>>> print(open('model-v5.cif').read())   # mmCIF, C-alpha atoms
data_upload
#
loop_
_atom_site.label_atom_id
_atom_site.label_comp_id
_atom_site.auth_asym_id
_atom_site.auth_seq_id
_atom_site.Cartn_x
_atom_site.Cartn_y
_atom_site.Cartn_z
CA MET A 373 -1.88 13.61 -10.95
CA ALA A 374 -2.57 12.82 -7.29
CA SER A 375 -4.59 9.74 -8.19
CA ILE A 376 -1.86 8.54 -10.56
CA SER A 377 0.83 8.96 -7.88
CA LEU A 378 -1.41 7.19 -5.37
CA ALA A 379 -2.03 4.29 -7.75
CA VAL A 380 1.70 3.88 -8.45
CA LEU A 381 2.47 4.02 -4.72
CA LEU A 382 -0.21 1.41 -3.97
CA ALA A 383 1.07 -0.89 -6.73
CA PHE A 384 4.63 -0.76 -5.40
CA SER A 385 3.43 -1.23 -1.80
CA LEU A 386 1.46 -4.29 -2.84
CA LEU A 387 4.44 -5.89 -4.55
CA PHE A 388 6.80 -5.01 -1.70
CA LEU A 389 4.44 -6.44 0.95
CA LEU A 390 3.82 -9.61 -1.02
CA ARG A 391 7.58 -10.08 -1.30
CA THR A 392 7.87 -9.57 2.47
CA GLN A 393 5.16 -12.20 3.05
CA ARG A 394 7.04 -14.64 0.85
CA GLY A 395 10.22 -14.04 2.84
CA ILE A 396 8.36 -14.62 6.09
CA LYS A 397 6.92 -17.90 4.84
CA ARG A 398 10.37 -19.11 3.85
CA ARG A 399 11.71 -18.37 7.33
CA ILE A 400 8.78 -19.98 9.18
CA ALA A 401 9.67 -22.92 11.40
CA SER A 402 13.37 -22.46 10.74
CA GLN A 403 14.08 -20.67 14.02
CA PRO A 404 13.50 -21.53 17.66
CA VAL A 405 12.06 -19.24 20.35
CA PRO A 406 14.26 -16.09 20.84
CA ARG A 407 17.42 -17.07 22.70
CA HIS A 408 20.45 -15.40 21.07
CA TYR A 409 20.13 -12.31 23.28
CA LYS A 410 21.12 -14.50 26.24
CA SER A 411 24.66 -14.66 24.89
CA PHE A 412 25.16 -10.95 25.63
CA THR A 413 27.36 -11.61 28.66
CA ASP A 414 29.60 -13.93 26.57
CA VAL A 415 29.84 -11.31 23.83
CA GLU A 416 30.65 -8.64 26.40
CA ARG A 417 33.36 -10.83 27.91
CA THR A 418 34.91 -11.54 24.50
CA LEU A 419 34.92 -7.84 23.67
CA TRP A 420 36.39 -7.00 27.08
CA GLU A 421 39.21 -9.49 26.59
CA ALA A 422 39.95 -8.13 23.12
CA VAL A 423 40.10 -4.58 24.43
CA GLU A 424 42.29 -5.68 27.37
CA GLN A 425 44.79 -7.30 24.98
CA GLN A 426 45.06 -4.08 23.03
CA ASN A 427 45.69 -2.12 26.26
CA ARG A 428 43.14 0.52 25.39
CA SER A 429 43.00 2.81 28.38
CA ASN A 430 39.37 3.97 28.05
CA VAL A 431 36.63 3.41 30.58
CA TRP A 432 34.77 0.22 29.51
CA GLU A 433 31.43 1.97 29.01
CA ASP A 434 33.08 4.54 26.73
CA VAL A 435 34.89 2.08 24.46
CA ARG A 436 33.53 2.23 20.92
CA PHE A 437 33.75 -0.54 18.37
CA ARG A 438 34.39 0.78 14.91
CA ARG A 439 34.31 -0.78 11.48
CA LYS A 440 38.10 -1.08 11.17
CA GLU A 441 38.66 -2.82 14.50
CA PRO A 442 38.88 -6.64 14.73
CA GLU A 443 36.00 -6.84 17.28
CA PHE A 444 33.62 -5.28 14.78
CA GLN A 445 32.69 -8.68 13.32
CA ILE A 446 31.70 -9.95 16.78
CA VAL A 447 29.46 -6.92 17.32
CA GLN A 448 27.91 -7.22 13.89
CA ASP A 449 27.21 -10.95 14.28
CA TYR A 450 25.63 -10.34 17.66
CA LEU A 451 23.42 -7.55 16.28
CA HIS A 452 22.34 -9.83 13.45
CA ARG A 453 21.38 -12.60 15.92
CA VAL A 454 19.52 -10.15 18.17
CA HIS A 455 17.60 -8.91 15.15
CA GLU A 456 16.61 -12.50 14.34
CA ASP A 457 15.41 -12.87 17.94
CA PHE A 458 13.36 -9.73 17.63
CA ARG A 459 11.73 -10.84 14.40
CA ARG A 460 10.93 -14.25 15.82
CA GLY A 461 9.50 -12.82 19.06
CA HIS A 462 7.56 -10.25 17.10
CA ARG A 463 5.95 -12.94 14.95
CA ILE A 464 5.00 -15.18 17.89
CA TYR A 465 3.53 -12.20 19.74
CA GLY A 466 1.50 -11.28 16.63
CA GLN A 467 0.24 -14.85 16.26
CA VAL A 468 -0.95 -14.94 19.86
CA ILE A 469 -2.71 -11.58 19.96
CA ILE A 470 -4.47 -12.09 16.64
CA HIS A 471 -6.47 -14.83 18.40
CA SER A 472 -7.88 -12.31 20.89
CA PRO A 473 -11.62 -12.76 21.10
CA GLU A 474 -12.28 -9.03 21.70
CA LEU A 475 -11.08 -6.02 19.77
CA ASN A 476 -10.42 -4.12 22.99
CA ILE A 477 -7.99 -6.75 24.32
CA PHE A 478 -6.36 -7.04 20.92
CA ALA A 479 -5.83 -3.26 20.72
CA GLN A 480 -4.25 -3.10 24.19
CA LEU A 481 -1.90 -6.03 23.53
CA GLU A 482 -0.99 -4.53 20.17
CA TRP A 483 -0.23 -1.21 21.85
CA HIS A 484 2.32 -2.96 24.09
CA ARG A 485 3.91 -4.48 20.98
CA ILE A 486 4.03 -1.13 19.16
CA LYS A 487 5.84 0.45 22.12
CA ILE A 488 8.51 -2.29 22.12
CA GLU A 489 8.76 -2.11 18.32
CA PHE A 490 9.22 1.65 18.38
CA ALA A 491 11.95 1.47 21.04
CA TYR A 492 13.71 -1.36 19.19
CA TYR A 493 13.75 0.40 15.81
CA CYS A 494 14.92 3.69 17.38
CA TRP A 495 17.87 1.93 19.02
CA CYS A 496 18.50 -0.06 15.84
CA ALA A 497 18.69 3.15 13.80
CA LEU A 498 21.05 4.65 16.37
CA ALA A 499 23.22 1.51 16.36
CA TRP A 500 23.31 1.51 12.54
CA LEU A 501 24.37 5.16 12.52
CA ARG A 502 26.99 4.69 15.23
CA LEU A 503 28.45 1.62 13.53
CA ARG A 504 29.09 3.74 10.45
CA THR A 505 30.36 6.84 12.25
CA VAL A 506 31.86 7.03 15.75
CA GLY A 507 31.41 3.35 16.62
CA ILE A 508 28.93 1.54 18.87
CA SER A 509 29.36 1.34 22.64
CA ILE A 510 28.55 -1.52 24.99
CA HIS A 511 25.81 0.64 26.50
CA GLU A 512 23.95 0.72 23.17
CA LEU A 513 24.34 -3.01 22.71
CA ARG A 514 22.96 -3.51 26.23
CA GLN A 515 19.95 -1.29 25.47
CA LEU A 516 19.09 -3.31 22.37
CA THR A 517 19.53 -6.54 24.29
CA GLU A 518 17.22 -5.33 27.06
CA ILE A 519 14.49 -4.46 24.58
CA VAL A 520 14.70 -7.86 22.91
CA ALA A 521 14.84 -9.54 26.31
CA THR A 522 11.63 -7.73 27.32
CA LEU A 523 9.90 -8.91 24.16
CA ALA A 524 11.21 -12.45 24.65
CA PHE A 525 10.02 -12.43 28.27
CA ARG A 526 6.54 -11.36 27.18
CA VAL A 527 6.41 -14.02 24.51
CA ARG A 528 7.54 -16.68 26.97
CA SER A 529 4.95 -15.50 29.53
CA MET A 530 2.25 -15.77 26.88
CA LEU A 531 3.24 -19.26 25.80
CA THR A 532 3.66 -20.43 29.41
CA THR A 533 0.25 -19.05 30.38
CA PHE A 534 -1.42 -20.93 27.53
CA GLU A 535 0.58 -24.09 28.21
CA ASN A 536 -0.19 -24.07 31.91
CA SER A 537 -3.90 -23.74 31.19
CA GLY A 538 -3.69 -27.02 29.22
CA ASN A 539 -3.68 -25.52 25.70
CA VAL A 540 -0.47 -27.21 24.57
CA GLU A 541 -1.81 -27.82 21.05
CA PHE A 542 -2.58 -24.14 20.66
CA VAL A 543 0.99 -23.24 21.64
CA ASP A 544 2.36 -25.82 19.19
CA SER A 545 0.26 -24.41 16.37
CA ILE A 546 1.42 -20.86 17.18
CA LEU A 547 5.08 -21.93 17.09
CA ARG A 548 4.53 -23.84 13.85
CA GLN A 549 2.95 -20.86 12.13
CA SER A 550 5.28 -18.12 13.34
CA MET B 610 -18.18 -6.02 -36.99
CA ASN B 611 -16.53 -2.58 -36.95
CA LEU B 612 -13.45 -3.55 -34.99
CA THR B 613 -10.01 -2.97 -36.49
CA LEU B 614 -7.65 -5.93 -36.90
CA PRO B 615 -5.50 -5.19 -33.80
CA GLU B 616 -8.66 -4.67 -31.74
CA SER B 617 -10.07 -7.95 -33.02
CA LEU B 618 -6.84 -9.77 -32.15
CA LEU B 619 -6.85 -8.25 -28.68
CA TRP B 620 -10.44 -9.23 -28.10
CA GLY B 621 -9.72 -12.71 -29.43
CA LEU B 622 -6.82 -13.12 -27.00
CA GLY B 623 -8.94 -11.84 -24.11
CA ILE B 624 -11.79 -14.20 -24.95
CA GLY B 625 -9.38 -17.13 -25.19
CA LEU B 626 -7.83 -16.33 -21.82
CA LYS B 627 -11.25 -15.95 -20.17
CA PHE B 628 -12.37 -19.36 -21.42
CA LEU B 629 -9.06 -20.94 -20.41
CA LEU B 630 -9.26 -19.40 -16.93
CA CYS B 631 -12.86 -20.56 -16.50
CA ALA B 632 -11.97 -24.07 -17.63
CA LEU B 633 -9.01 -24.22 -15.21
CA VAL B 634 -11.11 -22.90 -12.31
CA PHE B 635 -13.59 -25.77 -12.81
CA TYR B 636 -10.96 -28.36 -13.65
CA ARG B 637 -9.03 -27.55 -10.47
CA ARG B 638 -12.28 -27.28 -8.45
CA LEU B 639 -11.35 -23.82 -7.22
CA PHE B 640 -15.07 -23.07 -6.72
CA ARG B 641 -14.93 -25.14 -3.52
CA ARG B 642 -12.31 -22.83 -2.04
CA LEU B 643 -13.17 -19.47 -3.65
CA PRO B 644 -16.82 -19.53 -4.81
CA PHE B 645 -17.09 -15.79 -5.53
CA PHE B 646 -13.92 -15.74 -7.59
CA SER B 647 -15.26 -18.70 -9.58
CA LEU B 648 -18.57 -16.88 -10.06
CA TYR B 649 -16.65 -13.81 -11.22
CA VAL B 650 -14.78 -15.88 -13.80
CA VAL B 651 -18.09 -17.32 -15.04
CA PHE B 652 -19.46 -13.76 -15.33
CA LEU B 653 -16.40 -12.81 -17.39
CA VAL B 654 -17.13 -15.60 -19.86
CA VAL B 655 -20.85 -14.77 -19.99
CA GLU B 656 -20.07 -11.06 -20.43
CA VAL B 657 -17.64 -11.57 -23.26
CA THR B 658 -19.97 -14.00 -25.04
CA VAL B 659 -23.01 -11.71 -24.79
CA VAL B 660 -21.05 -8.60 -25.79
CA TRP B 661 -19.50 -10.43 -28.75
CA LEU B 662 -22.91 -11.67 -29.92
CA VAL B 663 -24.36 -8.16 -29.66
CA TYR B 664 -21.42 -6.64 -31.54
CA ARG B 665 -21.80 -9.22 -34.28
CA GLU B 666 -25.54 -8.70 -34.55
CA TRP B 667 -25.81 -4.90 -34.28
CA GLY B 668 -22.26 -3.59 -34.75
CA TYR B 669 -19.62 -2.17 -32.44
CA ARG B 670 -20.99 1.41 -32.40
CA SER B 671 -24.72 0.56 -32.14
CA ILE B 672 -26.98 1.55 -29.23
CA PRO B 673 -27.64 -2.06 -28.09
CA ALA B 674 -23.88 -2.63 -28.05
CA TRP B 675 -23.41 0.50 -25.96
CA TYR B 676 -26.04 -0.53 -23.37
CA THR B 677 -24.83 -4.14 -23.26
CA TYR B 678 -21.23 -3.07 -22.71
CA TRP B 679 -22.04 -0.74 -19.82
CA PHE B 680 -24.52 -3.09 -18.08
CA ALA B 681 -22.05 -5.94 -18.35
CA SER B 682 -19.37 -3.65 -16.87
CA VAL B 683 -21.61 -2.96 -13.83
CA VAL B 684 -22.22 -6.67 -13.21
CA VAL B 685 -18.53 -7.56 -13.55
CA LEU B 686 -17.49 -4.66 -11.31
CA LEU B 687 -19.88 -5.77 -8.56
CA ALA B 688 -18.64 -9.35 -8.90
CA ARG B 689 -15.07 -8.07 -8.52
CA ALA B 690 -16.09 -6.27 -5.33
CA LEU B 691 -17.37 -9.61 -4.02
CA VAL B 692 -14.04 -11.24 -4.91
CA VAL B 693 -12.16 -8.63 -2.86
CA ALA B 694 -14.55 -9.25 0.07
CA GLU B 695 -14.01 -13.00 -0.33
CA LEU B 696 -10.23 -12.58 -0.19
CA CYS B 697 -10.61 -10.59 3.02
CA TRP B 698 -12.88 -13.29 4.46
CA THR B 699 -10.47 -16.09 3.45
CA SER B 700 -7.58 -14.30 5.10
CA LEU B 701 -9.21 -12.74 8.17
CA GLY B 702 -12.49 -14.60 8.69
CA SER B 703 -11.10 -16.83 11.43
CA TYR B 704 -10.05 -13.92 13.68
CA PRO B 705 -12.98 -13.02 15.94
CA ALA B 706 -11.62 -9.64 17.07
CA ILE B 707 -10.71 -8.42 13.60
CA TRP B 708 -13.31 -9.74 11.17
CA PRO B 709 -16.39 -7.82 12.48
CA LEU B 710 -14.41 -4.57 12.20
CA VAL B 711 -13.11 -5.40 8.71
CA ARG B 712 -16.64 -6.32 7.57
CA LYS B 713 -17.98 -2.96 8.75
CA ILE B 714 -15.14 -1.12 6.99
CA LEU B 715 -15.77 -3.01 3.73
CA ILE B 716 -19.51 -2.29 3.83
CA SER B 717 -18.83 1.42 4.55
CA ILE B 718 -16.36 1.65 1.65
CA ALA B 719 -18.84 0.00 -0.73
CA ALA B 720 -21.65 2.33 0.44
CA VAL B 721 -19.49 5.45 0.08
CA ALA B 722 -18.19 4.43 -3.38
CA LEU B 723 -21.66 3.60 -4.73
CA GLY B 724 -23.19 6.70 -3.10
CA TYR B 725 -20.52 8.89 -4.70
CA ALA B 726 -21.15 7.23 -8.07
CA ALA B 727 -24.94 7.67 -7.78
CA VAL B 728 -24.63 11.38 -6.85
CA THR B 729 -22.14 11.99 -9.70
CA ALA B 730 -24.41 10.20 -12.18
CA PHE B 731 -27.47 12.16 -10.99
CA ARG B 732 -25.65 15.49 -11.48
CA ALA B 733 -24.02 14.60 -14.81
CA SER B 734 -25.21 16.20 -18.01
CA SER B 735 -24.06 13.24 -20.14
CA SER B 736 -25.44 9.67 -19.95
CA PRO B 737 -26.20 8.76 -16.29
CA LEU B 738 -25.41 5.07 -16.92
CA THR B 739 -21.93 5.80 -18.29
CA THR B 740 -21.23 8.35 -15.55
CA PHE B 741 -22.45 5.95 -12.85
CA VAL B 742 -20.27 3.10 -14.13
CA LEU B 743 -17.17 5.29 -14.57
CA SER B 744 -17.61 7.05 -11.20
CA SER B 745 -18.29 3.85 -9.29
CA GLU B 746 -15.41 2.18 -11.09
CA ARG B 747 -13.05 5.04 -10.22
CA ALA B 748 -14.10 5.00 -6.56
CA LEU B 749 -14.12 1.22 -6.27
CA GLU B 750 -10.82 0.68 -8.09
CA ILE B 751 -8.96 2.91 -5.67
CA ALA B 752 -10.81 1.29 -2.75
CA PHE B 753 -9.86 -2.19 -4.05
CA ALA B 754 -6.21 -1.18 -4.29
CA PHE B 755 -6.28 0.21 -0.73
CA ILE B 756 -8.07 -2.84 0.67
CA LEU B 757 -5.70 -5.29 -1.02
CA VAL B 758 -2.60 -3.42 0.17
CA ALA B 759 -4.07 -3.28 3.71
CA LEU B 760 -4.88 -7.00 3.55
CA VAL B 761 -1.36 -7.95 2.51
CA ALA B 762 0.17 -5.57 5.08
CA PHE B 763 -2.01 -7.13 7.78
CA GLY B 764 -0.95 -10.58 6.62
CA ALA B 765 2.72 -9.62 6.84
CA ARG B 766 2.28 -8.25 10.36
CA TYR B 767 0.17 -11.06 11.82
CA MET B 768 1.38 -13.99 9.74
CA ALA B 769 -1.92 -14.40 7.91
CA VAL B 770 0.07 -15.46 4.86
CA LEU B 771 -1.93 -16.00 1.66
CA GLY B 772 -1.79 -19.24 -0.34
CA PRO B 773 -0.31 -19.21 -3.87
CA VAL B 774 -3.69 -19.00 -5.66
CA GLU B 775 -5.03 -16.23 -3.39
CA ARG B 776 -1.69 -14.44 -3.66
CA ASN B 777 -1.85 -14.38 -7.46
CA ILE B 778 -5.47 -13.24 -7.39
CA VAL B 779 -4.41 -10.35 -5.12
CA ILE B 780 -1.54 -9.46 -7.48
CA GLY B 781 -3.80 -9.56 -10.54
CA LEU B 782 -6.64 -7.61 -8.96
CA GLY B 783 -4.35 -5.08 -7.28
CA ALA B 784 -2.25 -4.40 -10.40
CA TYR B 785 -5.37 -4.13 -12.56
CA SER B 786 -7.05 -1.74 -10.09
CA CYS B 787 -3.97 0.52 -9.95
CA PHE B 788 -3.72 0.46 -13.73
CA GLN B 789 -7.39 1.34 -14.07
CA VAL B 790 -7.05 4.31 -11.70
CA ILE B 791 -4.26 5.67 -13.94
CA ASN B 792 -6.12 4.77 -17.13
CA ASN B 793 -9.37 6.41 -15.95
CA THR B 794 -7.52 9.58 -14.92
CA PHE B 795 -5.90 9.85 -18.35
CA MET B 796 -9.21 9.12 -20.03
CA GLN B 797 -11.03 11.74 -17.99
CA GLN B 798 -8.47 14.50 -18.45
CA TRP B 799 -6.68 14.07 -21.74
CA MET B 800 -7.95 11.15 -23.77
CA SER B 801 -11.73 11.37 -24.05
CA ARG B 802 -11.39 11.50 -27.86
CA TYR B 803 -9.45 8.23 -27.83
CA PHE B 804 -12.07 5.99 -26.26
CA HIS B 805 -10.95 2.96 -28.31
CA TRP B 806 -7.40 3.29 -27.07
CA TRP B 807 -8.69 3.47 -23.53
CA VAL B 808 -10.72 0.28 -23.97
CA SER B 809 -7.78 -1.48 -25.64
CA MET B 810 -5.39 -0.55 -22.82
CA ARG B 811 -7.89 -1.84 -20.33
CA VAL B 812 -8.20 -5.12 -22.24
CA VAL B 813 -4.40 -5.52 -22.29
CA ALA B 814 -4.16 -4.85 -18.52
CA PHE B 815 -6.90 -7.35 -17.83
CA ASP B 816 -5.27 -9.97 -20.06
CA ILE B 817 -2.09 -9.60 -17.99
CA ALA B 818 -4.12 -10.00 -14.77
CA MET B 819 -5.71 -13.17 -16.16
CA LEU B 820 -2.31 -14.59 -17.05
CA VAL B 821 -1.24 -14.01 -13.44
CA TRP B 822 -4.33 -15.91 -12.24
CA ILE B 823 -3.77 -18.76 -14.69
CA VAL B 824 -0.16 -19.41 -13.56
CA PRO B 825 -0.91 -21.18 -10.21
CA LEU B 826 -3.82 -23.07 -11.77
CA ARG B 827 -1.53 -24.89 -14.22
CA ARG B 828 -0.72 -27.35 -11.45
CA ALA B 829 -3.03 -29.07 -8.95
CA LEU B 830 -4.06 -26.83 -6.06
CA PRO B 831 -1.87 -27.23 -2.97
CA PRO B 832 -3.74 -28.87 -0.09
CA ALA B 833 -5.57 -26.41 2.16
CA GLU B 834 -3.57 -25.35 5.22
CA PRO B 835 -4.51 -27.28 8.37
CA ALA B 836 -7.17 -25.49 10.39
CA ARG B 837 -5.79 -23.31 13.15
CA THR B 838 -5.99 -24.72 16.64
CA LEU B 839 -8.42 -22.55 18.53
CA ILE B 840 -9.34 -22.27 22.18
CA SER B 841 -12.72 -21.40 23.63
CA GLU B 842 -13.71 -17.74 23.74
CA GLY B 843 -14.12 -17.71 27.52
CA VAL B 844 -10.71 -19.23 28.18
CA ALA B 845 -9.03 -16.96 25.62
CA THR B 846 -10.62 -13.84 27.15
CA ARG B 847 -9.56 -14.84 30.68
CA LEU B 848 -5.99 -15.69 29.67
CA MET B 849 -5.52 -12.58 27.53
CA ARG B 850 -6.79 -10.39 30.36
CA GLU B 851 -4.32 -12.06 32.72
CA LEU B 852 -1.50 -11.41 30.26
CA LEU B 853 -2.52 -7.82 29.86
CA ALA B 854 -2.61 -7.28 33.61
CA SER B 855 0.84 -8.84 34.05
CA MET B 856 2.23 -6.69 31.22
CA ARG B 857 0.88 -3.56 32.86
CA GLU B 858 2.44 -4.58 36.18
CA ILE B 859 5.83 -5.24 34.57
CA THR B 860 5.70 -1.94 32.68
CA GLU B 861 4.96 -0.06 35.90
CA GLU B 862 7.78 -1.90 37.67
CA LEU B 863 10.24 -1.03 34.89
CA LYS B 864 9.16 2.60 35.01
CA ARG B 865 9.67 2.63 38.79
CA ILE B 866 13.17 1.12 38.41
CA ALA B 867 14.05 3.64 35.70
CA ARG B 868 12.87 6.53 37.87
CA SER B 869 14.90 5.28 40.85
CA LYS B 870 18.01 5.03 38.61
CA TRP B 871 17.75 8.69 37.66
CA LYS B 872 17.31 9.92 41.23
#
>>> encode(input="model-v5.cif", output="structure tokens")
Amino acid sequence: MASISLAVLLAFSLLFLLRTQRGIKRRIASQPVPRHYKSFTDVERTLWEAVEQQNRSNVWEDVRFRRKEPEFQIVQDYLHRVHEDFRRGHRIYGQVIIHSPELNIFAQLEWHRIKIEFAYYCWCALAWLRLRTVGISIHELRQLTEIVATLAFRVRSMLTTFENSGNVEFVDSILRQS
Amino acid sequence: MNLTLPESLLWGLGIGLKFLLCALVFYRRLFRRLPFFSLYVVFLVVEVTVVWLVYREWGYRSIPAWYTYWFASVVVLLARALVVAELCWTSLGSYPAIWPLVRKILISIAAVALGYAAVTAFRASSSPLTTFVLSSERALEIAFAFILVALVAFGARYMAVLGPVERNIVIGLGAYSCFQVINNTFMQQWMSRYFHWWVSMRVVAFDIAMLVWIVPLRRALPPAEPARTLISEGVATRLMRELLASMREITEELKRIARSKWK
């Protein structure tokens, strides 16, 4: 029975992953370098103004945005854009490190990516949970933004390093394929 | 011929699909892009022709038919292993850090699977040839499924996206391998008296896999993706080391800031 379960699991994994690949290919070249996270201050200001108008007396850091409140759409849109940034940065990072000439360098660069990925998905899960229960706070939004900003900074550093060393074509091909 | 009418129809359909696939592979010049897959398709046609001739000459349940069937199965199984290796090479061959490791893993898997099959066949009380083929098939099928899932997962993570033809070959091979693992388990445990059913199910599964391979070959092959722009190994090593060092510095700095915040 174990081999049958394993075979079924492998078949479903194969189909799921091929579907994911197809989705990735459709999104390729449709997005620029991560940049949405930079609008965090604007989003924070908009949310602040909305809360001010409603005369909510809470401390700003403790204010929670729930599903029923009008600001919820702003928060959700921002989270969606940040997630797009993350996916884009993640893909560019992957495209760069896969060209590593040595396995050792590749493994170390991949380890840095896994750490960022882990932090991002933990905060994402928390945000998802909070959005559906007690509401998300500005602190949690800031944490997610910082993680994506770190990834974006690393991606930009990579591309700048390659560009400055005269490998502009390489950078173009990475951006085309990711 | 001792085949029943449904079995004959099934075999006829399988033979037709094998010839059609082979014709399309040569018509679309797929052998330039995937030589081992093309060779595998040729083997399929040769296998089915030889087996059919032997069945017609000596009968379905004769000893020559038995030996021909199992020898042909070994050849086709080994050719399929080469197709899986070719798919890995097509997808990962241009990555200097990854390919040597993948090659070693593939060779180890092949050695372990064949070693397991040889030991099982040596110990078996029934026919060593049948036991060797079934054991190696069982081991290799599950290995193929694992390798193909790992290949697609790697592609999704590092954007090594497969082309439509390669993608359909992966689907066909992967689905067939998973089906064979299930089929072999049933055969081994509950269905040894229904050998003909087992063979028929296998033929049906393979016909479905062939249909999946035929679909992208109906139209002209899409042009090969432009070659990736590469930089010299020395420059890449230097730049990647620089990046790594700067990442370590930034990480340390962030840790220091975080520690100072908590104080």
>>> resolve_selection(input="model-v5.cif", expression="the PyMOL selection byres ((chain B and resi 773) around 10)", output="ChimeraX atom specification")
/A:394 /B:770-772,774-779,822,824-826,830-831
>>> closest_atom_pairs(input="model-v5.cif", of="chain B", to="chain A", cutoff="8 Å", atoms="only C-alpha atoms", output="CSV")
residue,atom,partner,partner_atom,distance
B:Tyr704,CA,A:His471,CA,6.0
B:Pro705,CA,A:Pro473,CA,5.3
B:Ala706,CA,A:Leu475,CA,4.5
B:Ile707,CA,A:Leu475,CA,6.6
B:Ile751,CA,A:Ala379,CA,7.4
B:Ala754,CA,A:Leu382,CA,6.5
B:Phe755,CA,A:Leu382,CA,7.0
B:Leu757,CA,A:Leu386,CA,7.5
B:Val758,CA,A:Leu386,CA,5.1
B:Val761,CA,A:Leu389,CA,6.2
B:Ala762,CA,A:Leu389,CA,6.0
B:Gly764,CA,A:Gln393,CA,7.3
B:Ala765,CA,A:Gln393,CA,5.2
B:Arg766,CA,A:Gly466,CA,7.0
B:Tyr767,CA,A:Gly466,CA,5.0
B:Met768,CA,A:Gln467,CA,6.7
B:Val770,CA,A:Gln393,CA,6.3
B:Arg776,CA,A:Leu390,CA,7.8
B:Ile780,CA,A:Leu387,CA,7.6
B:Gly783,CA,A:Ala383,CA,6.9
B:Ala784,CA,A:Ala383,CA,6.1
B:Cys787,CA,A:Ala379,CA,4.8
B:Phe788,CA,A:Ala379,CA,7.3
B:Val790,CA,A:Ala379,CA,6.4
B:Ile791,CA,A:Ile376,CA,5.0
B:Thr794,CA,A:Ile376,CA,7.2
B:Arg837,CA,A:Ser545,CA,6.9
B:Thr838,CA,A:Phe542,CA,5.3
B:Leu839,CA,A:Phe542,CA,6.4
B:Ile840,CA,A:Phe542,CA,7.2
B:Glu842,CA,A:Pro473,CA,6.0
B:Ala845,CA,A:Pro473,CA,6.7
B:Thr846,CA,A:Pro473,CA,6.2
B:Leu848,CA,A:Thr533,CA,7.1
B:Met849,CA,A:Ser472,CA,7.1
B:Arg850,CA,A:Ile477,CA,7.2
B:Leu852,CA,A:Met530,CA,6.7
B:Leu853,CA,A:Leu481,CA,6.6
B:Met856,CA,A:Arg526,CA,7.5
>>> residues_around(input="model-v5.cif", residues="Leu820 (chain B)", least_positions_apart="5", cutoff="9 Å", atoms="all atoms listed in the file", output="PyMOL selection string")
chain B and resi 626+630+781+815
>>> resolve_selection(input="model-v5.cif", expression="the PyMOL selection byres ((chain A and resi 407) around 10)", output="list in words")
Gln403, Pro404, Val405, Pro406, His408, Tyr409, Lys410, Ser411, Arg453, Val454, Glu456, Asp457, Phe458, Arg460, Gly461, Val520, Ala521 and Ala524 of chain A
>>> atom_distance(input="model-v5.cif", atom1="CA of Leu619 (chain B)", atom2="CA of Ser682 (chain B)")
17.8 Å
>>> resolve_selection(input="model-v5.cif", expression="the PyMOL selection byres ((chain B and resi 684) around 12)", output="list in words")
Leu648, Tyr649, Val650, Val651, Phe652, Leu653, Val655, Glu656, Thr677, Tyr678, Trp679, Phe680, Ala681, Ser682, Val683, Val685, Leu686, Leu687, Ala688, Arg689, Ala690, Leu691, Val742, Ser745 and Glu746 of chain B
>>> closest_residue(input="model-v5.cif", among="B:Ala730, B:Leu715, B:Ala632, B:Ala769", to="Ser703 (chain B)", atoms="only C-alpha atoms")
B:Ala769
>>> closest_residue(input="model-v5.cif", among="A:Leu531, A:Ile519, A:Asn536, A:Arg417", to="Arg485 (chain A)", atoms="all atoms listed in the file")
A:Ile519
>>> atom_distance(input="model-v5.cif", atom1="CA of Glu424 (chain A)", atom2="CA of Pro442 (chain A)")
13.1 Å
>>> atom_distance(input="model-v5.cif", atom1="CA of Met819 (chain B)", atom2="CA of Leu696 (chain B)")
16.6 Å
>>> closest_residue(input="model-v5.cif", among="A:Thr418, A:Thr532, A:Thr505, A:Thr517", to="Arg438 (chain A)", atoms="all atoms listed in the file")
A:Thr505
>>> closest_residue(input="model-v5.cif", among="A:Glu433, A:Glu535, A:Glu443, A:Glu489", to="Glu421 (chain A)", atoms="only C-alpha atoms")
A:Glu443
>>> axis_aligned_box(input="model-v5.cif", around="region 526-530 of chain A", padding_each_side="6 Å", output="JSON")
{"center_x": 4.9, "center_y": -14.0, "center_z": 27.0, "size_x": 17.3, "size_y": 17.3, "size_z": 17.0}
